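Shown next, in structure tokens, is the structure this report addresses.
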Amino acid sequence: MTFITVQKGVSVYTERPEDSQAVYLTPDKYPVLGDGIGDDSDSIQQAINSIPFGIVFIPEGRYRITRTIYVPKAVRLIGYGKNRPVILLGENTSGFQTADPEDKGNASYMIWFTDKQPRPGQPVQDANPGTFYSALSNINLVIEDGNPAAVALRTHYAQHGFISHCDIYIGNGKAGIFDAGNEIENVRFFGGEYGIYTTKPSPGWPFLMIDTVFENQKKAAVRTREGGLTIVRMDVVNVPIVIDTDPQYIEKLYMEDCRFDQISGPAIRISHENNAHNQINLRNVHCRQVPVLADFIESGKQVEGAGESYRVSVFTHGNQMDEVTSRPAIRTTLELEKTDGYAEPVRSDIPALPSVACWVNVRTLGAAGDGIADDTAILQSVIDQYPVLYLPQGMYKVTGTLRMKPDTVLIGLNPITTQIVLPDNTETFGGLGKPKALIESSSGGSNILNGIGVDTGGRNPRAVGCKWMAGAHSYMNDIKFMGGHGGLTPTGGFKPVYNANRTADISPELRWDSQYWSLWVTRGGGGVLKDIWTASPYAAAGLYVSDTSTAGRIYAMSVEHHVRHEVKFKNTANWKVYALQMEEEAAESRDCLPLELDRCRQMLFANTYFFRTIWLDNPYPYAAKTWDCEKLEFLNVHNYTQIKYTLDNTLYDVATDTEVRAWELARLQISGNPALRRPIHSFDGIVQKLAGGFEFIDTLCKDSKGNIYFADSRKKQIYQWSVREQVLRVVSNLHHRPLSLACDRNDQLIVVSEYFPPIGATLGGEPEVYTKPEDASGTSYGYWYNVGSTVKVYAIDPEQPEESLQPLPVVPMDSFGPVHKALYPGNRWRDSNDFLVTTVHRPKECYVAPDGVTIIPVTYDLMRSSSLQEAYPGEPFYGLDEYYKRTVAYEVSPEGYLSDPRIFAEKGEHGIARSSDGCIYIADGDIYGYRPDGSLIEELIMPERPAGVIVAGEAQEDLYITARSSLYRVKRPS
């Protein structure tokens with residue numbers, strides 16, 4: 001097969017694809033005009049509403065709309081004809097001149113992708129992290145004059161949501177897309193204030209833009225806040241700014257093989273330049289008439305261009321490590337070179353699908369696609385006879401391997417409604433034996449697999465979803481490996497995944513990690529793998545690439561919910577991986593290694609996201625593990641979770657026995673030099689391990705004698721280290737989970753705990769129920785964590801904990817006079833960028849300690865925090881912005897309120913300590929010591945990743961550090 005690139009602006013479905021389960025927007029079915037004059041809004045909406053999910057085919061024509069069209073999850077709008085159909089918003093359409101100021105995008109939308117179809121009188125339920133399979137393809141959109149608030153598309157969907165082969169003529173409207181999701185391909189934007197403006201995609205994953213064009217936007221091609229922009233082959237012409245980051249927000253930007261032409265302002269605007277979250281990488285970007293390549297909003301610094309025409313071979317800004325043994329440091333790396341002229345665009349590596357005229361419909365040749373009849377023989381027969389096969393929507397039951405010829409192309413158009421399904425207990429895939437593929441590509445061929453779900457069931461121990469051995473010009477796109485999350489019922493609801501308490505599969509007959517890999521690339525396989533979601537917990541891994549040096553590119557792959565591995569590369573070279581996202585869930589993935597690379601070389605990972613869900617409550621040592629690898633480069637790495645049990649270290653390199661602890665990295669290189677070693681050292685060369693054997697110890701406090709208290713919270717254990725006797729003892733192991741600790745003036749131990757009201761329980765005759773404090777909406781923890789628990793605070797005498805336990809009373813804050821100290825959450829997770837606002841909110845109530853002068857203001861973040869920090873009136877207070885990884889200083893009022901927040905240091909995680917001389921010690925991968933003026937004293941490199949730190953001891957001069965499995969002590973520098 002000839003490698004053909006998609007042409008911009010050209011219809012990719014020139015004829016009508018036949019599908020008995022699809023909806024066709026034609027006059028015989030709907031009162032549609034398609035003349036660009038009459039109003040087709042109702043007809044389009046009727047067609048969409050006529051199916052719970054699936055495909056709506058729209059023939060060539062001009063479809064004028066006068067109101068927003070809503071597209072719910074798993075519905076795809078696909079145009080066909082010699083020319084793309086056009087959906088247009090006519091001049092001066094009512095409702096598109098001004099936008100509702102309460103609307104998130106402050107706009108009115110031509111087409112809005114939603115999770116569910118809105119009901120009359122009910123608010124619109126925007127697309128969200130659970131909105132899958134939605135798309136618009138091969139349709140142009142036009143905003144005519146007189147609609148300044150108009151945006152063509154609102155697209156906040158998640159996996160398998162995309163816009164492709166689409167020209168958007170914005171004119172004098174606001175933008176082409178608001179709230180980008182998952183990916184766009186071969187989309188061109190003309191005019192408007194913006195081509196795209198976006199907040200964080202659903203559910204915080206990176207966003208892929210490939211083969212795009214932006215021309216003549218008035219404000220910027222793309223305006224973003226945490227968009228995770230992964231951009232390959234983008235042409236931008238005549239705009240003030242290419243990428244405009246909102247002030248006070250970060251961006252993880254990766255751009256490759258792009259061209260900027262006639263950019264009057266800075267091409268890239270960068271905010272939060274000294275924050276590790278901010279990660280900017282440009283590779284092979286050609287510029288013409290771009291006098292300023294980048295500017296930094298806060299400092300005002302600019303990166304100047306290199307003349308009329310120049311090439312950016314390397315631009316990296318952010319937290320960088322030149323080698324696994326290097327210390328991470330925020331800096332800018334720049335390599336520019338003048339060029340004689342403007343470069344030609346880089347050729348796309350995305351093959352075009354063959355013309356619809358070449359498609360052979362398998363239904364017309366006898367395939368049933370009903371999920372009952374065995375289609376194995378007929379499908380293999382037509383594969384052997386015809387190069388290009390079209391699988392209309394249906395469930396194609398298969399009981400043997402489908403083997404592709406070198407030129408075989410298998411085309412579906414929606415992976416949730418077109419599936420190849422292997423029934424459970426298929427004998428040919430059972431027993432003990434080597435891997436057996438459901439679909440097997442040719443060796444070295446130019447195969448294409450598009451828009452199909454691959455389901456190997458859950459009781460087929462030899463099954464592999466797809467064994468891919470095709471060559472560098474092969475293509476796999478829009479493929480869902482079924483199993484686990486993402487399945488839909490016939491009415492459009494989600495198929496349940498877990499049992500009632502989320503501890504096991506919904507079916508006791510199914511075993512996780514009982515089959516081979518979902519996608520296995522091997523024996524010289526390569527090519528382009530794009531928009532793939534592989535999340536079956538029954539598979540050993542979502543992706544396994546082995547024994548190949550054929551060039552491979554991965555674009556926008558989501559790999560989730562496996563037991564031991566998400567992604568594994570073995571003996572692999574010459575691959576580039578863009579926008580790879582991994583996620584682990586509590587029930588199946590507690591001990592899952594997301595990424596493993598074994599004997600790999602010459603590989604690039606761009607915008608790699610590691611994520612553990614809020615349901616997980618156990619630690620795991622690293623996100624990636626490398627064995628004997630060389631010439632690996634990671635550009636933009638995001639390792640995160642909303643709870644404290646994240647992946648402790650971003651990477652562990654076996655060859656050098658080195659942990660890479662930085663969770664946020666703009667650049668990390670692995671050269672493969674096994675001689676490199678990182679020494680363990682401290683301020684004074686002394687790190688004393690006092691105790692070990694814990695799972696994850698964090699919260700710290702001290703009493704007036706200098707004794708240390710800390711907790712192993714999942715184990716529900718509280719410990720004391722006696723500084724005088726140098727002895728560790730257990731204080732308590734009560735069944736309420738300790739979250740954070742403090743001592744009052746009388747050395748009573750204050751315990752913030754997680755409390756579960758028993759079902760049906762009453763207090764004072766009233767139901768005892770879980771309630772959220774008022775500020776819960778300001779934290780993602782309040783959104784995600786909804787298992788019925790709440791915060792309770794109690795005090796105990798450490799010598800007699802069982803008999804002395806007393807719940808602390810809650811009183812109004814304004815009824816309390818001057819306080820000795822207030823105890824606030826030391827670390828907070830606020831991913832809405834509202835940390836500085838939320839933390840100075842004045843709580844209405846507080847818990848009162850037994851001493852009567854120590855209070856704990858009531859805030860929902862007590863549930864999230866793993867430390868309490870002491871706020872003394874008249875002294876500075878320091879809190880940790882855990883999401884943005886920074887430390888913020890405050891003033892403290894006589895009543896214990898916080899005010900006047902200001903960023904103290906661009907470091908911060910779970911623990912922080914202040915000494916009597918005002919020095920600040922921050923745990924962030926290691927320990928960083930700062931003077932009161934914010935200048936760095938020195939770095940203390942720990943044997944383990946620290947969580948908590950406190951200055952204590954008999955002389956109040958030592959650092960005590962809880963570091964995962966061990967308690968350490970370090971002498972402070974003199």
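Going through the structure tokens in order, the chains are called A, B, and so on, while each chain numbers its residues from 1 and the ligands are numbered from 1 in the order shown.
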* **Spatial neighbours of Pro387 in chain A, 8 Å, only C-alpha atoms, chain gap at least 6 places, as number ranges by chain** => A: 405, 407-409
* To do: For Leu805 in chain A, work out the shell of residues within 6 Å, counting only C-alpha atoms and skipping chain neighbours fewer than 3 positions away, then give it as a count of residues only.
  => 4
* Can you tell me, as a PyMOL selection string, what residues are no more than 10 Å from Ile139 in chain A when counting only C-alpha atoms, ignoring any on the same chain fewer than 6 positions away? -> chain A and resi 9+11-12+58-61+77-80+83-87+163-168
* **Contact residues around range 602-605 of chain A with only C-alpha atoms at 9 Å, ignoring same-chain residues under 6 positions, as a PyMOL selection string** => chain A and resi 572-580+629-637
* Measure the distance from CA of Asn733 in chain A to CA of Tyr709 in chain A in Å and round it to one decimal. =>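 One can read the CA of Asn733 in chain A to CA of Tyr709 in chain A distance as 13.2 Å.
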* Secondary structure check, strand (DSSP E or B) residues of range 273-412 of chain A, as a PyMOL selection string -> chain A and resi 279-288+292-296+302-304+309-321+329-338+351+360-361+370-374+388-390+394-397+402-403+409-411
Preceding selection exported with C-alpha atoms as an mmCIF file, in the first residue's frame:
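Once everything was written out, this is selection_29.cif:
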```cif
data_model
loop_
_atom_site.group_PDB
_atom_site.id
_atom_site.type_symbol
_atom_site.label_atom_id
_atom_site.label_comp_id
_atom_site.auth_asym_id
_atom_site.auth_seq_id
_atom_site.Cartn_x
_atom_site.Cartn_y
_atom_site.Cartn_z
ATOM 1 C CA GLN A 279 7.444 22.621 31.478
ATOM 2 C CA ILE A 280 8.156 24.089 28.032
ATOM 3 C CA ASN A 281 9.828 22.189 25.209
ATOM 4 C CA LEU A 282 10.197 23.151 21.538
ATOM 5 C CA ARG A 283 11.987 20.943 19.028
ATOM 6 C CA ASN A 284 12.593 21.768 15.362
ATOM 7 C CA VAL A 285 10.416 24.879 15.165
ATOM 8 C CA HIS A 286 10.995 27.152 12.154
ATOM 9 C CA CYS A 287 10.294 30.859 12.509
ATOM 10 C CA ARG A 288 9.921 33.701 10.030
ATOM 11 C CA VAL A 292 10.541 37.377 20.162
ATOM 12 C CA LEU A 293 10.405 33.633 20.609
ATOM 13 C CA ALA A 294 9.242 33.668 24.224
ATOM 14 C CA ASP A 295 8.616 35.924 27.170
ATOM 15 C CA PHE A 296 8.144 35.320 30.869
ATOM 16 C CA GLN A 302 12.412 37.698 26.789
ATOM 17 C CA VAL A 303 14.034 35.178 24.483
ATOM 18 C CA GLU A 304 14.916 37.010 21.292
ATOM 19 C CA SER A 309 14.292 33.405 9.604
ATOM 20 C CA TYR A 310 15.626 30.950 12.130
ATOM 21 C CA ARG A 311 15.213 27.455 13.460
ATOM 22 C CA VAL A 312 14.675 26.519 17.091
ATOM 23 C CA SER A 313 16.402 23.185 17.416
ATOM 24 C CA VAL A 314 16.041 23.134 21.215
ATOM 25 C CA PHE A 315 14.146 25.312 23.652
ATOM 26 C CA THR A 316 13.601 23.867 27.107
ATOM 27 C CA HIS A 317 12.447 25.747 30.155
ATOM 28 C CA GLY A 318 11.729 24.135 33.504
ATOM 29 C CA ASN A 319 13.088 21.580 35.944
ATOM 30 C CA GLN A 320 15.928 19.790 34.148
ATOM 31 C CA MET A 321 18.217 16.839 34.816
ATOM 32 C CA ALA A 329 17.349 22.589 38.548
ATOM 33 C CA ILE A 330 15.030 25.064 36.856
ATOM 34 C CA ARG A 331 16.754 26.687 33.905
ATOM 35 C CA THR A 332 16.398 27.560 30.238
ATOM 36 C CA THR A 333 18.227 25.719 27.463
ATOM 37 C CA LEU A 334 18.245 27.336 24.027
ATOM 38 C CA GLU A 335 19.716 26.395 20.650
ATOM 39 C CA LEU A 336 18.846 28.749 17.748
ATOM 40 C CA GLU A 337 20.305 28.954 14.268
ATOM 41 C CA LYS A 338 19.705 31.401 11.434
ATOM 42 C CA PRO A 351 -1.606 7.824 6.596
ATOM 43 C CA VAL A 360 -15.660 -3.659 0.956
ATOM 44 C CA ASN A 361 -18.494 -3.934 3.448
ATOM 45 C CA ASP A 370 -24.660 -9.739 15.816
ATOM 46 C CA GLY A 371 -22.437 -11.095 18.583
ATOM 47 C CA ILE A 372 -24.047 -14.524 18.255
ATOM 48 C CA ALA A 373 -22.965 -16.047 14.933
ATOM 49 C CA ASP A 374 -19.311 -16.991 14.580
ATOM 50 C CA VAL A 388 -9.723 -2.799 2.352
ATOM 51 C CA LEU A 389 -12.560 -3.986 4.590
ATOM 52 C CA TYR A 390 -15.213 -1.883 6.272
ATOM 53 C CA GLY A 394 -21.832 -4.431 15.266
ATOM 54 C CA MET A 395 -20.331 -7.109 17.487
ATOM 55 C CA TYR A 396 -18.252 -9.491 15.375
ATOM 56 C CA LYS A 397 -17.814 -12.755 17.266
ATOM 57 C CA LEU A 402 -7.642 -12.982 12.249
ATOM 58 C CA ARG A 403 -4.437 -12.685 10.223
ATOM 59 C CA VAL A 409 -6.899 -2.369 6.056
ATOM 60 C CA LEU A 410 -9.680 -2.903 8.620
ATOM 61 C CA ILE A 411 -11.928 0.136 9.082
#
```
* To do: Find the residues around Ser804 in chain A up to 10 Å (only C-alpha atoms counted), leave out those fewer than 5 positions away in its own chain, and share them as a ChimeraX atom specification.
  => /A:748,794-799
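Straight-line separation from CA of Asp235 in chain A to CA of Asp531 in chain A: 21.7 Å.
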* To do: Quote the spacing between CA of Gly453 in chain A and CA of Asp19 in chain A in Å to one decimal place.
  => 16.6 Å
* Spatial neighbours of range 204-209 of chain A, max dist 8 Å, only C-alpha atoms, sep filter under 3 positions, as JSON, numbers by chain -> {"A": [180, 181, 182, 183, 184, 185, 200, 201, 212, 227, 228, 229, 230, 231, 232, 234, 555, 556, 579, 580, 581, 607, 609]}
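Nearest-residue note for Ile44 in chain A: choosing from A:Tyr70, A:Phe190, A:Phe611, A:Phe835, the minimum distance belongs to A:Tyr70, counting only C-alpha atoms.
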* To do: Could you give me, as a PyMOL selection string, the residues within 7 Å of Lys73 in chain A, counting only C-alpha atoms and dropping anything in the same chain fewer than 5 positions from it?
  => chain A and resi 114-116+131-134
Per residue of range 607-683 of chain A within 10 Å of range 586-594 of chain A, what are the shortest atom pair and its distance in Å to one decimal, counting only C-alpha atoms, with rows by chain and residue number, as a tab-separated table?
```
residue	atom	partner	partner_atom	distance
A:Phe610	CA	A:Pro594	CA	7.4
A:Phe611	CA	A:Pro594	CA	9.0
A:Arg612	CA	A:Ala586	CA	8.3
A:Thr613	CA	A:Ala586	CA	7.2
A:Ile614	CA	A:Ala586	CA	8.1
A:Trp615	CA	A:Ala586	CA	5.2
A:Leu616	CA	A:Ala586	CA	4.3
A:Asp617	CA	A:Ala586	CA	7.3
A:Asn618	CA	A:Arg590	CA	6.8
A:Pro619	CA	A:Arg590	CA	8.1
A:Tyr620	CA	A:Asp591	CA	6.7
A:Pro621	CA	A:Leu593	CA	8.8
A:Tyr622	CA	A:Leu593	CA	7.2
A:Ala623	CA	A:Pro594	CA	5.5
A:Ala624	CA	A:Pro594	CA	6.2
A:Lys625	CA	A:Leu593	CA	7.9
A:Leu647	CA	A:Leu593	CA	9.2
```
